[in-house]
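What follows is a single structure, written as structure tokens, with notes after it.
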Amino acid sequence: QEKSAIQTKVEISTQELDLGTFPKEEHRTGEILFKNVGDKPFVIHDVVTSCGCTKVDYLPGDILKLTITYDADKSGRFNKSLKVYGNMQGSPIRLFVSGETH
């Protein structure tokens with residue numbers, strides 16, 4: 001009962017971020033937006049990535065911007081995932097990042 005009292009609802013711009021095709025020497029960055037549509041403050045507790053090649057930064061606010069940077073270690077297609085833990089319903093939310101390096 002106490003847990004549901006602190007949960008909020010969020011809308012996510014996308015759960016699958018395609019970073020496109022780019023040279024493996026470049027870093028590629030994309031954004032996923034979380035909009036708080038609930039009546040409680042939205043808090044991220046942790047973000048866990050599937051590899052060290054994926055970095056995540058975020059800025060809190062009415063619309064939280066999750067900035068994801070991929071740093072390729074080899075050429076080819078990639079599919080990575082990350083989990084966002086917070087006080088939103090359905091936590092953790094799993095997000096996917098894909099693209100191709102050459």
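Chains: A, B, ... in order of the structure tokens. Residues: from 1 per chain. Ligands: from 1, in order shown.
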Just want the 8 Å neighbourhood of Asp73 of chain A, counted on only C-alpha atoms, with same-chain residues fewer than 2 positions away dropped. Output as a PDB file with N, CA and C atoms, in the first residue's frame.
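Once everything was written out, this is around-v1.pdb:
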ATOM      1  N   LYS A  24      32.708   3.694 -36.632  1.00  0.00           N
ATOM      2  CA  LYS A  24      32.911   3.176 -35.274  1.00  0.00           C
ATOM      3  C   LYS A  24      33.783   4.100 -34.422  1.00  0.00           C
ATOM      4  N   CYS A  53      29.950   0.025 -23.091  1.00  0.00           N
ATOM      5  CA  CYS A  53      29.985   0.869 -24.285  1.00  0.00           C
ATOM      6  C   CYS A  53      28.816   1.847 -24.337  1.00  0.00           C
ATOM      7  N   ASP A  71      29.480   4.088 -27.587  1.00  0.00           N
ATOM      8  CA  ASP A  71      30.877   4.160 -27.979  1.00  0.00           C
ATOM      9  C   ASP A  71      31.280   2.776 -28.470  1.00  0.00           C
ATOM     10  N   SER A  75      33.183  -2.873 -35.382  1.00  0.00           N
ATOM     11  CA  SER A  75      32.235  -2.584 -36.450  1.00  0.00           C
ATOM     12  C   SER A  75      31.120  -3.623 -36.470  1.00  0.00           C
TER      13      SER A  75
END
**Asked** What does the distance from atom CA of Asn87 of chain A to atom CA of Phe42 of chain A come to in Å, to one decimal?
**Response** 6.4 Å
**Item:** Shell around Gly99 of chain A at 8 Å using only C-alpha atoms, local window under 3 positions removed, as a list in words
**Value:**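 My list of contacting residues is Asp18, Leu19, Gly20, Thr21, Arg77, Phe78 and Asn79 of chain A.
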Store the residues of this selection in a file with all heavy atoms, as a tab-separated table (two decimals), in the first residue's frame.
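Saved to result-v7.tsv:
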chain	number	residue	atom	x	y	z
A	18	ASP	N	16.97	4.00	-32.24
A	18	ASP	CA	17.84	3.60	-33.34
A	18	ASP	C	18.82	4.74	-33.60
A	18	ASP	O	18.41	5.85	-33.97
A	18	ASP	CB	17.00	3.31	-34.59
A	18	ASP	CG	17.84	2.78	-35.75
A	18	ASP	OD1	19.09	2.80	-35.67
A	18	ASP	OD2	17.24	2.34	-36.74
A	19	LEU	N	20.10	4.47	-33.40
A	19	LEU	CA	21.13	5.49	-33.58
A	19	LEU	C	21.64	5.57	-35.02
A	19	LEU	O	22.52	6.37	-35.32
A	19	LEU	CB	22.29	5.24	-32.61
A	19	LEU	CG	21.93	5.37	-31.13
A	19	LEU	CD1	23.14	5.04	-30.26
A	19	LEU	CD2	21.41	6.76	-30.80
A	20	GLY	N	21.13	4.70	-35.90
A	20	GLY	CA	21.51	4.76	-37.31
A	20	GLY	C	22.86	4.12	-37.59
A	20	GLY	O	23.38	3.35	-36.79
A	21	THR	N	23.43	4.48	-38.74
A	21	THR	CA	24.73	3.95	-39.17
A	21	THR	C	25.76	5.05	-39.07
A	21	THR	O	25.52	6.18	-39.50
A	21	THR	CB	24.63	3.45	-40.63
A	21	THR	OG1	23.60	2.45	-40.70
A	21	THR	CG2	25.94	2.85	-41.09
A	77	ARG	N	26.57	-4.47	-36.57
A	77	ARG	CA	25.26	-4.17	-35.99
A	77	ARG	C	25.33	-4.34	-34.48
A	77	ARG	O	26.00	-5.24	-33.98
A	77	ARG	CB	24.22	-5.13	-36.57
A	77	ARG	CG	22.82	-4.84	-36.16
A	77	ARG	CD	22.09	-4.05	-37.23
A	77	ARG	NE	20.78	-3.68	-36.71
A	77	ARG	CZ	20.34	-2.45	-36.66
A	77	ARG	NH1	21.05	-1.46	-37.12
A	77	ARG	NH2	19.15	-2.17	-36.18
A	78	PHE	N	24.66	-3.46	-33.73
A	78	PHE	CA	24.60	-3.61	-32.27
A	78	PHE	C	23.18	-3.47	-31.78
A	78	PHE	O	22.36	-2.76	-32.35
A	78	PHE	CB	25.54	-2.62	-31.55
A	78	PHE	CG	25.20	-1.17	-31.77
A	78	PHE	CD1	24.30	-0.51	-30.95
A	78	PHE	CD2	25.80	-0.45	-32.79
A	78	PHE	CE1	24.00	0.82	-31.13
A	78	PHE	CE2	25.50	0.89	-32.99
A	78	PHE	CZ	24.60	1.53	-32.16
A	79	ASN	N	22.88	-4.21	-30.73
A	79	ASN	CA	21.60	-4.16	-30.03
A	79	ASN	C	21.92	-4.20	-28.54
A	79	ASN	O	22.37	-5.22	-28.04
A	79	ASN	CB	20.71	-5.34	-30.40
A	79	ASN	CG	20.24	-5.26	-31.83
A	79	ASN	OD1	19.45	-4.40	-32.18
A	79	ASN	ND2	20.74	-6.15	-32.68
**Non-local contacts of segment 44-46 of chain A (9 Å; only C-alpha atoms; under 2 positions in same chain excluded) as a ChimeraX atom specification** = /A:42,48,60,83-88
**Request:** Show which residues sit within 9 Å of Tyr58 of chain A, as a VMD selection string. Count only C-alpha atoms, and ignore same-chain residues fewer than 6 positions away.
**Result:** chain A and resid 64 to 68
**Message:** Among segment 2-85 of chain A, which ones does DSSP assign to helix (DSSP H, G or I) (computed from the backbone)? Answer as a list in words.
**Reply:** Glu2, Lys3, Ser4 and Ala5 of chain A
Any chance you could export the current selection's N, CA, C and O atoms as a short mmCIF file (atom, residue, chain, number, x, y, z; two decimals), in the first residue's frame?
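Output file part-v5.cif follows:
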data_model
loop_
_atom_site.label_atom_id
_atom_site.label_comp_id
_atom_site.auth_asym_id
_atom_site.auth_seq_id
_atom_site.Cartn_x
_atom_site.Cartn_y
_atom_site.Cartn_z
N GLU A 2 1.91 1.26 0.83
CA GLU A 2 2.81 2.43 0.88
C GLU A 2 3.54 2.59 -0.45
O GLU A 2 3.74 3.69 -0.93
N LYS A 3 3.92 1.46 -1.08
CA LYS A 3 4.64 1.51 -2.34
C LYS A 3 3.80 2.18 -3.43
O LYS A 3 4.29 3.01 -4.18
N SER A 4 2.53 1.85 -3.52
CA SER A 4 1.68 2.45 -4.54
C SER A 4 1.45 3.94 -4.28
O SER A 4 1.19 4.70 -5.20
N ALA A 5 1.56 4.36 -3.03
CA ALA A 5 1.35 5.77 -2.70
C ALA A 5 2.45 6.66 -3.27
O ALA A 5 2.22 7.83 -3.53
#
**Asked** Among chain A, which residues carry a DSSP assignment of strand (DSSP E or B), reported as a ChimeraX atom specification?
**Response** /A:8,10-12,16-22,27-36,44-49,54-59,63-71,76-86,88,93-101
Could you turn the residues from that selection into a file that holds C-alpha atoms, as a short mmCIF file (atom, residue, chain, number, x, y, z; two decimals), in the first residue's frame?
data_model
loop_
_atom_site.label_atom_id
_atom_site.label_comp_id
_atom_site.auth_asym_id
_atom_site.auth_seq_id
_atom_site.Cartn_x
_atom_site.Cartn_y
_atom_site.Cartn_z
CA THR A 8 3.78 7.84 -10.48
CA VAL A 10 5.25 8.27 -16.98
CA GLU A 11 4.94 8.47 -20.75
CA ILE A 12 8.05 7.50 -22.70
CA GLU A 16 13.59 1.54 -28.93
CA LEU A 17 16.22 4.10 -29.91
CA ASP A 18 17.84 3.60 -33.34
CA LEU A 19 21.13 5.49 -33.58
CA GLY A 20 21.51 4.76 -37.31
CA THR A 21 24.73 3.95 -39.17
CA PHE A 22 27.96 5.73 -38.29
CA HIS A 27 30.31 8.42 -30.43
CA ARG A 28 26.61 8.50 -31.25
CA THR A 29 24.10 10.07 -28.88
CA GLY A 30 20.31 9.88 -28.71
CA GLU A 31 17.58 10.90 -26.29
CA ILE A 32 14.57 9.28 -24.72
CA LEU A 33 12.09 11.52 -22.92
CA PHE A 34 10.12 10.59 -19.81
CA LYS A 35 7.08 12.77 -19.11
CA ASN A 36 5.57 12.55 -15.64
CA ILE A 44 15.02 7.73 -11.08
CA HIS A 45 16.87 5.47 -8.64
CA ASP A 46 19.31 3.83 -11.08
CA VAL A 47 20.01 3.10 -14.74
CA VAL A 48 21.76 -0.18 -15.57
CA THR A 49 23.25 -0.71 -19.05
CA THR A 54 26.68 2.55 -23.40
CA LYS A 55 26.71 5.63 -21.15
CA VAL A 56 23.62 7.35 -19.75
CA ASP A 57 23.08 10.84 -18.35
CA TYR A 58 19.80 12.41 -17.32
CA LEU A 59 18.43 15.74 -16.23
CA ILE A 63 10.13 16.11 -18.81
CA LEU A 64 13.18 14.05 -17.90
CA LYS A 65 15.70 13.74 -20.73
CA LEU A 66 17.69 10.49 -20.76
CA THR A 67 20.78 10.98 -22.97
CA ILE A 68 22.30 7.74 -24.21
CA THR A 69 25.78 7.66 -25.78
CA TYR A 70 27.11 4.60 -27.61
CA ASP A 71 30.88 4.16 -27.98
CA GLY A 76 28.86 -4.14 -37.13
CA ARG A 77 25.26 -4.17 -35.99
CA PHE A 78 24.60 -3.61 -32.27
CA ASN A 79 21.60 -4.16 -30.03
CA LYS A 80 22.00 -3.01 -26.43
CA SER A 81 19.56 -2.63 -23.58
CA LEU A 82 19.23 -0.68 -20.39
CA LYS A 83 16.91 -0.76 -17.42
CA VAL A 84 15.58 2.36 -15.74
CA TYR A 85 14.66 1.91 -12.08
CA GLY A 86 12.46 4.51 -10.41
CA MET A 88 7.16 4.79 -11.90
CA ILE A 93 11.46 -0.09 -17.62
CA ARG A 94 13.60 -1.79 -20.26
CA LEU A 95 14.84 0.32 -23.18
CA PHE A 96 16.68 -0.79 -26.31
CA VAL A 97 19.41 0.92 -28.34
CA SER A 98 20.42 -0.26 -31.80
CA GLY A 99 22.42 0.82 -34.83
CA GLU A 100 25.35 -0.12 -36.99
CA THR A 101 28.96 0.96 -37.08
#
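When atom CA of Asp62 of chain A is paired with atom CA of Gly90 of chain A, their separation reads 19.2 Å.
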**Asked** Which residue gives the smallest distance to Gln7 of chain A among A:Lys74, A:Gly61, A:Ser91, A:His102, with only C-alpha atoms counted?
**Response** A:Ser91
